[in-house]
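> Handing over upload.pdb, PDB, C-alpha atoms, pLDDT in the B column.
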```pdb
ATOM      1  CA  MET Q   1       0.000   0.000   0.000  1.00 67.00           C
ATOM      2  CA  GLU Q   2       1.292   3.421  -0.914  1.00 83.00           C
ATOM      3  CA  ARG Q   3       2.380   5.466   2.063  1.00 91.00           C
ATOM      4  CA  THR Q   4       1.628   9.168   1.975  1.00 94.00           C
ATOM      5  CA  ILE Q   5       1.810  12.243   4.130  1.00 95.00           C
ATOM      6  CA  THR Q   6      -0.784  15.045   3.955  1.00 97.00           C
ATOM      7  CA  VAL Q   7       0.230  18.486   5.161  1.00 97.00           C
ATOM      8  CA  LYS Q   8      -1.585  21.812   5.159  1.00 97.00           C
ATOM      9  CA  GLY Q   9       0.711  24.711   4.396  1.00 97.00           C
ATOM     10  CA  ILE Q  10      -0.218  28.165   5.672  1.00 97.00           C
ATOM     11  CA  GLY Q  11       0.791  31.024   3.429  1.00 96.00           C
ATOM     12  CA  ARG Q  12       0.937  34.685   4.314  1.00 96.00           C
ATOM     13  CA  ALA Q  13       1.765  37.892   2.457  1.00 96.00           C
ATOM     14  CA  CYS Q  14       1.692  41.606   3.194  1.00 95.00           C
ATOM     15  CA  ALA Q  15       1.495  44.618   0.913  1.00 96.00           C
ATOM     16  CA  LYS Q  16       1.389  48.360   1.378  1.00 96.00           C
ATOM     17  CA  VAL Q  17      -1.995  50.005   0.787  1.00 96.00           C
ATOM     18  CA  ASP Q  18      -2.120  51.855  -2.530  1.00 96.00           C
ATOM     19  CA  TYR Q  19      -5.860  51.990  -3.276  1.00 96.00           C
ATOM     20  CA  VAL Q  20      -8.970  53.203  -1.493  1.00 96.00           C
ATOM     21  CA  GLU Q  21     -12.628  52.327  -2.062  1.00 96.00           C
ATOM     22  CA  ILE Q  22     -15.477  54.538  -0.859  1.00 96.00           C
ATOM     23  CA  SER Q  23     -18.862  52.811  -0.780  1.00 95.00           C
ATOM     24  CA  MET Q  24     -21.944  55.045  -0.748  1.00 96.00           C
ATOM     25  CA  THR Q  25     -25.576  54.191  -0.074  1.00 96.00           C
ATOM     26  CA  LEU Q  26     -28.334  56.516  -1.275  1.00 97.00           C
ATOM     27  CA  GLU Q  27     -31.974  56.028  -0.309  1.00 96.00           C
ATOM     28  CA  ALA Q  28     -35.116  57.765  -1.529  1.00 96.00           C
ATOM     29  CA  LEU Q  29     -38.545  57.038  -0.025  1.00 96.00           C
ATOM     30  CA  ARG Q  30     -41.649  58.469  -1.683  1.00 96.00           C
ATOM     31  CA  GLU Q  31     -45.274  57.406  -1.767  1.00 95.00           C
ATOM     32  CA  ASN Q  32     -45.345  57.641  -5.544  1.00 95.00           C
ATOM     33  CA  TYR Q  33     -43.049  55.350  -7.566  1.00 96.00           C
ATOM     34  CA  GLU Q  34     -42.232  57.967 -10.202  1.00 96.00           C
ATOM     35  CA  ASN Q  35     -41.362  60.532  -7.534  1.00 96.00           C
ATOM     36  CA  ALA Q  36     -39.104  58.051  -5.764  1.00 96.00           C
ATOM     37  CA  MET Q  37     -37.239  57.347  -8.997  1.00 97.00           C
ATOM     38  CA  GLU Q  38     -36.902  61.062  -9.750  1.00 97.00           C
ATOM     39  CA  VAL Q  39     -35.414  61.735  -6.328  1.00 96.00           C
ATOM     40  CA  ALA Q  40     -33.034  58.775  -6.691  1.00 96.00           C
ATOM     41  CA  ALA Q  41     -31.855  60.059 -10.065  1.00 96.00           C
ATOM     42  CA  ALA Q  42     -31.262  63.519  -8.608  1.00 97.00           C
ATOM     43  CA  GLN Q  43     -29.247  62.038  -5.739  1.00 96.00           C
ATOM     44  CA  ILE Q  44     -26.979  60.131  -8.100  1.00 95.00           C
ATOM     45  CA  ASP Q  45     -26.514  63.218 -10.254  1.00 95.00           C
ATOM     46  CA  GLU Q  46     -25.548  65.259  -7.192  1.00 96.00           C
ATOM     47  CA  VAL Q  47     -22.871  62.788  -6.134  1.00 96.00           C
ATOM     48  CA  GLN Q  48     -21.503  62.542  -9.676  1.00 95.00           C
ATOM     49  CA  ARG Q  49     -21.322  66.322 -10.003  1.00 95.00           C
ATOM     50  CA  ALA Q  50     -19.548  66.569  -6.639  1.00 95.00           C
ATOM     51  CA  VAL Q  51     -16.729  64.220  -7.661  1.00 96.00           C
ATOM     52  CA  THR Q  52     -16.406  65.529 -11.217  1.00 95.00           C
ATOM     53  CA  ASP Q  53     -15.937  69.027  -9.774  1.00 95.00           C
ATOM     54  CA  ILE Q  54     -12.697  67.816  -8.177  1.00 95.00           C
ATOM     55  CA  GLY Q  55     -11.347  66.109 -11.283  1.00 95.00           C
ATOM     56  CA  PHE Q  56     -12.873  62.632 -11.445  1.00 95.00           C
ATOM     57  CA  ALA Q  57     -14.489  61.353 -14.632  1.00 93.00           C
ATOM     58  CA  LYS Q  58     -18.257  60.919 -14.400  1.00 85.00           C
ATOM     59  CA  ASP Q  59     -18.058  57.171 -14.984  1.00 90.00           C
ATOM     60  CA  THR Q  60     -15.636  56.753 -12.050  1.00 94.00           C
ATOM     61  CA  VAL Q  61     -18.631  56.381  -9.735  1.00 95.00           C
ATOM     62  CA  LYS Q  62     -19.833  52.813 -10.276  1.00 95.00           C
ATOM     63  CA  THR Q  63     -23.167  51.235  -9.324  1.00 95.00           C
ATOM     64  CA  THR Q  64     -22.698  48.058  -7.258  1.00 96.00           C
ATOM     65  CA  ASN Q  65     -26.374  47.459  -6.438  1.00 96.00           C
ATOM     66  CA  PHE Q  66     -29.737  49.022  -7.271  1.00 96.00           C
ATOM     67  CA  ASN Q  67     -32.948  48.037  -5.508  1.00 96.00           C
ATOM     68  CA  VAL Q  68     -36.561  49.198  -5.397  1.00 96.00           C
ATOM     69  CA  ARG Q  69     -38.872  47.844  -2.704  1.00 96.00           C
ATOM     70  CA  THR Q  70     -42.170  48.700  -1.052  1.00 96.00           C
ATOM     71  CA  GLU Q  71     -42.140  49.940   2.525  1.00 94.00           C
ATOM     72  CA  TYR Q  72     -44.837  49.285   5.121  1.00 94.00           C
ATOM     73  CA  LYS Q  73     -45.328  50.187   8.764  1.00 90.00           C
ATOM     74  CA  SER Q  74     -47.415  48.535  11.451  1.00 88.00           C
ATOM     75  CA  GLU Q  75     -50.265  50.470  13.045  1.00 85.00           C
ATOM     76  CA  HIS Q  76     -53.122  49.680  15.392  1.00 78.00           C
ATOM     77  CA  ASP Q  77     -56.601  49.721  13.904  1.00 75.00           C
ATOM     78  CA  LYS Q  78     -59.644  50.900  15.856  1.00 74.00           C
ATOM     79  CA  ASN Q  79     -59.927  47.462  17.461  1.00 76.00           C
ATOM     80  CA  GLY Q  80     -56.347  47.484  18.685  1.00 74.00           C
ATOM     81  CA  ASN Q  81     -55.104  45.000  16.093  1.00 82.00           C
ATOM     82  CA  TYR Q  82     -51.963  45.512  14.081  1.00 84.00           C
ATOM     83  CA  LYS Q  83     -52.263  46.221  10.380  1.00 84.00           C
ATOM     84  CA  SER Q  84     -49.723  46.919   7.669  1.00 89.00           C
ATOM     85  CA  VAL Q  85     -49.946  50.379   6.146  1.00 90.00           C
ATOM     86  CA  PHE Q  86     -48.236  51.209   2.870  1.00 93.00           C
ATOM     87  CA  VAL Q  87     -45.607  53.929   3.297  1.00 93.00           C
ATOM     88  CA  GLY Q  88     -44.108  54.194  -0.171  1.00 96.00           C
ATOM     89  CA  TYR Q  89     -41.383  53.037  -2.520  1.00 97.00           C
ATOM     90  CA  MET Q  90     -37.817  52.862  -1.260  1.00 97.00           C
ATOM     91  CA  VAL Q  91     -35.124  53.211  -3.907  1.00 97.00           C
ATOM     92  CA  SER Q  92     -31.688  52.109  -2.693  1.00 96.00           C
ATOM     93  CA  HIS Q  93     -28.627  52.794  -4.790  1.00 95.00           C
ATOM     94  CA  HIS Q  94     -25.188  51.527  -3.793  1.00 97.00           C
ATOM     95  CA  LEU Q  95     -22.229  53.268  -5.408  1.00 96.00           C
ATOM     96  CA  LYS Q  96     -18.474  52.846  -5.271  1.00 97.00           C
ATOM     97  CA  LEU Q  97     -15.693  55.308  -5.955  1.00 97.00           C
ATOM     98  CA  ALA Q  98     -12.174  53.833  -6.096  1.00 96.00           C
ATOM     99  CA  PHE Q  99      -8.887  55.639  -6.682  1.00 97.00           C
ATOM    100  CA  ASP Q 100      -5.158  55.551  -5.910  1.00 96.00           C
ATOM    101  CA  PHE Q 101      -4.643  56.152  -2.219  1.00 95.00           C
ATOM    102  CA  ASP Q 102      -3.494  59.579  -1.142  1.00 93.00           C
ATOM    103  CA  ALA Q 103      -4.505  60.942   2.262  1.00 91.00           C
ATOM    104  CA  GLU Q 104      -4.977  64.499   0.995  1.00 91.00           C
ATOM    105  CA  ARG Q 105      -7.036  63.332  -1.975  1.00 93.00           C
ATOM    106  CA  LEU Q 106      -9.167  61.152   0.301  1.00 93.00           C
ATOM    107  CA  GLY Q 107      -9.885  64.112   2.530  1.00 91.00           C
ATOM    108  CA  GLN Q 108     -10.879  66.195  -0.484  1.00 93.00           C
ATOM    109  CA  VAL Q 109     -13.259  63.498  -1.730  1.00 94.00           C
ATOM    110  CA  LEU Q 110     -14.913  63.032   1.663  1.00 93.00           C
ATOM    111  CA  SER Q 111     -15.334  66.776   2.037  1.00 91.00           C
ATOM    112  CA  VAL Q 112     -17.255  67.194  -1.228  1.00 94.00           C
ATOM    113  CA  ILE Q 113     -19.364  64.083  -0.682  1.00 94.00           C
ATOM    114  CA  SER Q 114     -20.272  65.139   2.843  1.00 89.00           C
ATOM    115  CA  GLY Q 115     -21.507  68.426   1.378  1.00 91.00           C
ATOM    116  CA  CYS Q 116     -24.127  66.664  -0.739  1.00 94.00           C
ATOM    117  CA  LYS Q 117     -27.701  67.333   0.358  1.00 94.00           C
ATOM    118  CA  CYS Q 118     -28.594  63.684  -0.245  1.00 94.00           C
ATOM    119  CA  HIS Q 119     -26.257  62.698   2.646  1.00 92.00           C
ATOM    120  CA  PRO Q 120     -25.025  59.289   1.416  1.00 95.00           C
ATOM    121  CA  ARG Q 121     -23.989  56.731   4.006  1.00 94.00           C
ATOM    122  CA  LEU Q 122     -20.287  56.043   3.610  1.00 94.00           C
ATOM    123  CA  SER Q 123     -17.877  53.218   4.314  1.00 93.00           C
ATOM    124  CA  ILE Q 124     -14.170  53.437   3.502  1.00 94.00           C
ATOM    125  CA  HIS Q 125     -11.838  50.522   2.775  1.00 95.00           C
ATOM    126  CA  PHE Q 126      -8.123  50.422   2.016  1.00 96.00           C
ATOM    127  CA  THR Q 127      -6.711  47.781  -0.314  1.00 96.00           C
ATOM    128  CA  VAL Q 128      -4.223  47.157  -3.134  1.00 96.00           C
ATOM    129  CA  LYS Q 129      -4.899  47.968  -6.752  1.00 94.00           C
ATOM    130  CA  ASP Q 130      -3.378  44.757  -8.115  1.00 90.00           C
ATOM    131  CA  ALA Q 131      -4.037  41.664  -6.007  1.00 90.00           C
ATOM    132  CA  THR Q 132      -2.055  39.327  -8.275  1.00 92.00           C
ATOM    133  CA  ALA Q 133       1.326  39.836  -6.609  1.00 93.00           C
ATOM    134  CA  ILE Q 134       0.095  39.452  -3.035  1.00 94.00           C
ATOM    135  CA  ASN Q 135      -1.869  36.317  -3.972  1.00 94.00           C
ATOM    136  CA  ALA Q 136       1.179  34.802  -5.651  1.00 94.00           C
ATOM    137  CA  GLU Q 137       3.393  35.507  -2.637  1.00 96.00           C
ATOM    138  CA  MET Q 138       0.826  33.980  -0.281  1.00 96.00           C
ATOM    139  CA  LEU Q 139       0.646  30.765  -2.340  1.00 96.00           C
ATOM    140  CA  ARG Q 140       4.434  30.559  -2.608  1.00 97.00           C
ATOM    141  CA  THR Q 141       4.882  30.808   1.159  1.00 98.00           C
ATOM    142  CA  ALA Q 142       2.111  28.219   1.662  1.00 97.00           C
ATOM    143  CA  ALA Q 143       4.062  25.765  -0.489  1.00 97.00           C
ATOM    144  CA  GLU Q 144       7.298  26.460   1.406  1.00 98.00           C
ATOM    145  CA  ASN Q 145       5.540  26.107   4.754  1.00 98.00           C
ATOM    146  CA  ALA Q 146       3.964  22.769   3.807  1.00 97.00           C
ATOM    147  CA  ARG Q 147       7.226  21.302   2.551  1.00 97.00           C
ATOM    148  CA  GLN Q 148       9.094  22.364   5.692  1.00 97.00           C
ATOM    149  CA  LYS Q 149       6.456  20.691   7.869  1.00 97.00           C
ATOM    150  CA  ALA Q 150       6.513  17.542   5.754  1.00 96.00           C
ATOM    151  CA  GLU Q 151      10.325  17.289   5.871  1.00 96.00           C
ATOM    152  CA  ILE Q 152      10.368  17.758   9.651  1.00 97.00           C
ATOM    153  CA  LEU Q 153       7.720  15.084  10.167  1.00 96.00           C
ATOM    154  CA  CYS Q 154       9.470  12.644   7.859  1.00 94.00           C
ATOM    155  CA  ALA Q 155      12.858  13.210   9.493  1.00 95.00           C
ATOM    156  CA  ALA Q 156      11.361  12.698  12.949  1.00 95.00           C
ATOM    157  CA  SER Q 157       9.684   9.477  11.748  1.00 92.00           C
ATOM    158  CA  GLY Q 158      12.677   7.998   9.998  1.00 93.00           C
ATOM    159  CA  ALA Q 159      11.089   8.354   6.579  1.00 93.00           C
ATOM    160  CA  ALA Q 160      12.037  10.243   3.448  1.00 94.00           C
ATOM    161  CA  LEU Q 161       9.859  12.659   1.535  1.00 95.00           C
ATOM    162  CA  GLY Q 162       9.068  11.366  -1.910  1.00 94.00           C
ATOM    163  CA  GLU Q 163       7.203  12.604  -4.950  1.00 95.00           C
ATOM    164  CA  LEU Q 164       4.500  15.260  -4.648  1.00 96.00           C
ATOM    165  CA  LEU Q 165       1.198  13.580  -5.477  1.00 96.00           C
ATOM    166  CA  SER Q 166      -1.444  16.311  -5.228  1.00 97.00           C
ATOM    167  CA  ILE Q 167      -2.189  19.892  -4.280  1.00 97.00           C
ATOM    168  CA  SER Q 168      -5.609  21.011  -3.050  1.00 96.00           C
ATOM    169  CA  TYR Q 169      -6.695  24.644  -2.837  1.00 95.00           C
ATOM    170  CA  ASN Q 170     -10.240  26.018  -2.712  1.00 90.00           C
ATOM    171  CA  TRP Q 171      -9.489  29.226  -4.713  1.00 85.00           C
ATOM    172  CA  ALA Q 172     -12.028  31.199  -2.698  1.00 81.00           C
ATOM    173  CA  GLU Q 173     -11.834  34.956  -3.089  1.00 80.00           C
ATOM    174  CA  LEU Q 174      -9.579  36.424  -0.410  1.00 83.00           C
ATOM    175  CA  ASP Q 175     -10.420  39.457   1.676  1.00 87.00           C
ATOM    176  CA  ILE Q 176      -7.643  41.712   0.420  1.00 92.00           C
ATOM    177  CA  TYR Q 177      -8.311  44.736   2.603  1.00 93.00           C
ATOM    178  CA  SER Q 178      -6.452  46.556   5.323  1.00 94.00           C
ATOM    179  CA  HIS Q 179      -7.813  46.152   8.850  1.00 91.00           C
ATOM    180  CA  THR Q 180      -7.623  49.919   9.352  1.00 89.00           C
ATOM    181  CA  ASN Q 181     -10.987  51.357  10.419  1.00 83.00           C
ATOM    182  CA  TYR Q 182     -11.654  54.829   9.069  1.00 79.00           C
ATOM    183  CA  ASP Q 183     -14.526  56.390  10.993  1.00 66.00           C
ATOM    184  CA  TYR Q 184     -15.733  59.709   9.656  1.00 61.00           C
ATOM    185  CA  CYS Q 185     -17.442  62.593  11.427  1.00 53.00           C
ATOM    186  CA  GLU Q 186     -21.134  63.325  11.045  1.00 50.00           C
ATOM    187  CA  GLY Q 187     -22.152  66.578   9.420  1.00 49.00           C
ATOM    188  CA  GLU Q 188     -20.687  68.610   6.599  1.00 43.00           C
ATOM    189  CA  GLN Q 189     -18.607  71.108   8.525  1.00 41.00           C
ATOM    190  CA  ARG Q 190     -17.242  68.521  10.951  1.00 42.00           C
ATOM    191  CA  MET Q 191     -16.334  66.237   8.062  1.00 44.00           C
ATOM    192  CA  MET Q 192     -14.465  68.994   6.265  1.00 45.00           C
ATOM    193  CA  THR Q 193     -12.549  69.865   9.434  1.00 40.00           C
ATOM    194  CA  CYS Q 194     -11.704  66.261  10.286  1.00 46.00           C
ATOM    195  CA  THR Q 195     -10.426  65.145   6.899  1.00 45.00           C
ATOM    196  CA  SER Q 196      -8.589  68.142   5.528  1.00 48.00           C
ATOM    197  CA  ALA Q 197      -5.296  67.898   7.418  1.00 47.00           C
ATOM    198  CA  ILE Q 198      -4.883  64.300   8.649  1.00 63.00           C
ATOM    199  CA  ASP Q 199      -2.062  62.325   7.078  1.00 75.00           C
ATOM    200  CA  ILE Q 200      -3.098  58.758   7.807  1.00 83.00           C
ATOM    201  CA  GLN Q 201      -1.030  55.643   7.085  1.00 89.00           C
ATOM    202  CA  PRO Q 202      -3.326  52.621   6.806  1.00 93.00           C
ATOM    203  CA  GLU Q 203      -2.168  49.278   8.140  1.00 94.00           C
ATOM    204  CA  ASP Q 204      -0.676  47.011   5.478  1.00 95.00           C
ATOM    205  CA  VAL Q 205      -2.910  44.510   3.728  1.00 96.00           C
ATOM    206  CA  ASP Q 206      -2.238  41.125   5.345  1.00 95.00           C
ATOM    207  CA  VAL Q 207      -3.624  37.942   3.753  1.00 95.00           C
ATOM    208  CA  SER Q 208      -3.271  34.289   4.695  1.00 95.00           C
ATOM    209  CA  ASP Q 209      -4.729  31.008   3.504  1.00 95.00           C
ATOM    210  CA  GLY Q 210      -4.099  27.280   3.559  1.00 96.00           C
ATOM    211  CA  VAL Q 211      -3.117  24.852   0.807  1.00 97.00           C
ATOM    212  CA  THR Q 212      -3.102  21.064   1.261  1.00 97.00           C
ATOM    213  CA  PHE Q 213      -0.270  18.969  -0.184  1.00 98.00           C
ATOM    214  CA  VAL Q 214       0.074  15.202  -0.389  1.00 97.00           C
ATOM    215  CA  TRP Q 215       3.512  13.562  -0.750  1.00 97.00           C
ATOM    216  CA  GLU Q 216       4.620  10.016  -1.146  1.00 95.00           C
ATOM    217  CA  ILE Q 217       6.876   8.877   1.702  1.00 94.00           C
ATOM    218  CA  CYS Q 218       9.657   6.304   1.446  1.00 89.00           C
TER     219      CYS Q 218
END
```
Render the structure in this file as structure tokens.

Amino acid sequence: MERTITVKGIGRACAKVDYVEISMTLEALRENYENAMEVAAAQIDEVQRAVTDIGFAKDTVKTTNFNVRTEYKSEHDKNGNYKSVFVGYMVSHHLKLAFDFDAERLGQVLSVISGCKCHPRLSIHFTVKDATAINAEMLRTAAENARQKAEILCAASGAALGELLSISYNWAELDIYSHTNYDYCEGEQRMMTCTSAIDIQPEDVDVSDGVTFVWEIC
């Protein structure tokens, strides 16, 4: 019977942040569907105009999700029973603006967006523009880690490491984002004050994953 050894190698890689993604959520609630859509269109136009005014192309703002749903609220009727009452149509639009990371540029972007009357909800994430290199480094270190473990186990057991028989990796999408939390101030004037002069240095992107290797042992 063929003797084998199965080892899971853990790979890790780090990279300096060079890209930032700003996610925006816009919501418009109106009783009339057409009115809700008109307001939603005006909100998107306002955000686009805000970023184009500071040098971005109009198509830089990308839609990541668009949703229209009906909204209801619960009320008591005259008998004290709950009933659902139609409130209106909620139009939700999720947008993303991504650009090369620069602390001053980020502050400028947040300042103009915070000045929009539609008041989009924001979340800010730091990442790398090209994930290929960090993925490759992570996989390379996983292979090295697995082989080192296998050689140690074989040496301790009086066996020799033979031919590599298989490699198993799930290829799931990695979370290639910095763990830095960027919390922004509420309100236009506070936002402009908070972001205009802060030179932040986000934590490096740090990724890790496992790869399973099977070797023949002699």
> Quick check, in Å to one decimal: how far apart do CA of Ala142 in chain Q and CA of Thr212 in chain Q lie?
8.9 Å
> Can you translate the PyMOL selection byres ((chain Q and resi 181) around 8) into the concrete residues it hits in this file, as a PyMOL selection string?
chain Q and resi 124-125+179-180+182-183
> The PyMOL selection byres ((chain Q and resi 160) around 9) - which residues does that actually catch in the file I just gave you? List them as a list in words.
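With the shown file as input, the PyMOL selection byres ((chain Q and resi 160) around 9) matches Glu151, Cys154, Ala155, Ser157, Gly158, Ala159, Leu161, Gly162, Glu216, Ile217 and Cys218 of chain Q.
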> Under the rule that only C-alpha atoms are counted, which of Q:Ala42, Q:Lys96, Q:Thr4, Q:Leu110 is the nearest residue to Ile54 in chain Q?
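Under the stated criterion, the closest residue is Q:Leu110.
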> Written as an mmCIF file with C-alpha atoms, keeping the file's coordinate frame, which residues does the PyMOL selection byres ((chain Q and resi 138) around 12) give for the file shown?

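Result saved to part.cif:
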```
data_model
loop_
_atom_site.group_PDB
_atom_site.id
_atom_site.type_symbol
_atom_site.label_atom_id
_atom_site.label_comp_id
_atom_site.auth_asym_id
_atom_site.auth_seq_id
_atom_site.Cartn_x
_atom_site.Cartn_y
_atom_site.Cartn_z
ATOM 1 C CA GLY Q 9 0.711 24.711 4.396
ATOM 2 C CA ILE Q 10 -0.218 28.165 5.672
ATOM 3 C CA GLY Q 11 0.791 31.024 3.429
ATOM 4 C CA ARG Q 12 0.937 34.685 4.314
ATOM 5 C CA ALA Q 13 1.765 37.892 2.457
ATOM 6 C CA CYS Q 14 1.692 41.606 3.194
ATOM 7 C CA ALA Q 15 1.495 44.618 0.913
ATOM 8 C CA ALA Q 131 -4.037 41.664 -6.007
ATOM 9 C CA THR Q 132 -2.055 39.327 -8.275
ATOM 10 C CA ALA Q 133 1.326 39.836 -6.609
ATOM 11 C CA ILE Q 134 0.095 39.452 -3.035
ATOM 12 C CA ASN Q 135 -1.869 36.317 -3.972
ATOM 13 C CA ALA Q 136 1.179 34.802 -5.651
ATOM 14 C CA GLU Q 137 3.393 35.507 -2.637
ATOM 15 C CA LEU Q 139 0.646 30.765 -2.340
ATOM 16 C CA ARG Q 140 4.434 30.559 -2.608
ATOM 17 C CA THR Q 141 4.882 30.808 1.159
ATOM 18 C CA ALA Q 142 2.111 28.219 1.662
ATOM 19 C CA ALA Q 143 4.062 25.765 -0.489
ATOM 20 C CA GLU Q 144 7.298 26.460 1.406
ATOM 21 C CA ASN Q 145 5.540 26.107 4.754
ATOM 22 C CA LEU Q 174 -9.579 36.424 -0.410
ATOM 23 C CA ILE Q 176 -7.643 41.712 0.420
ATOM 24 C CA VAL Q 205 -2.910 44.510 3.728
ATOM 25 C CA ASP Q 206 -2.238 41.125 5.345
ATOM 26 C CA VAL Q 207 -3.624 37.942 3.753
ATOM 27 C CA SER Q 208 -3.271 34.289 4.695
ATOM 28 C CA ASP Q 209 -4.729 31.008 3.504
ATOM 29 C CA GLY Q 210 -4.099 27.280 3.559
ATOM 30 C CA VAL Q 211 -3.117 24.852 0.807
#
```
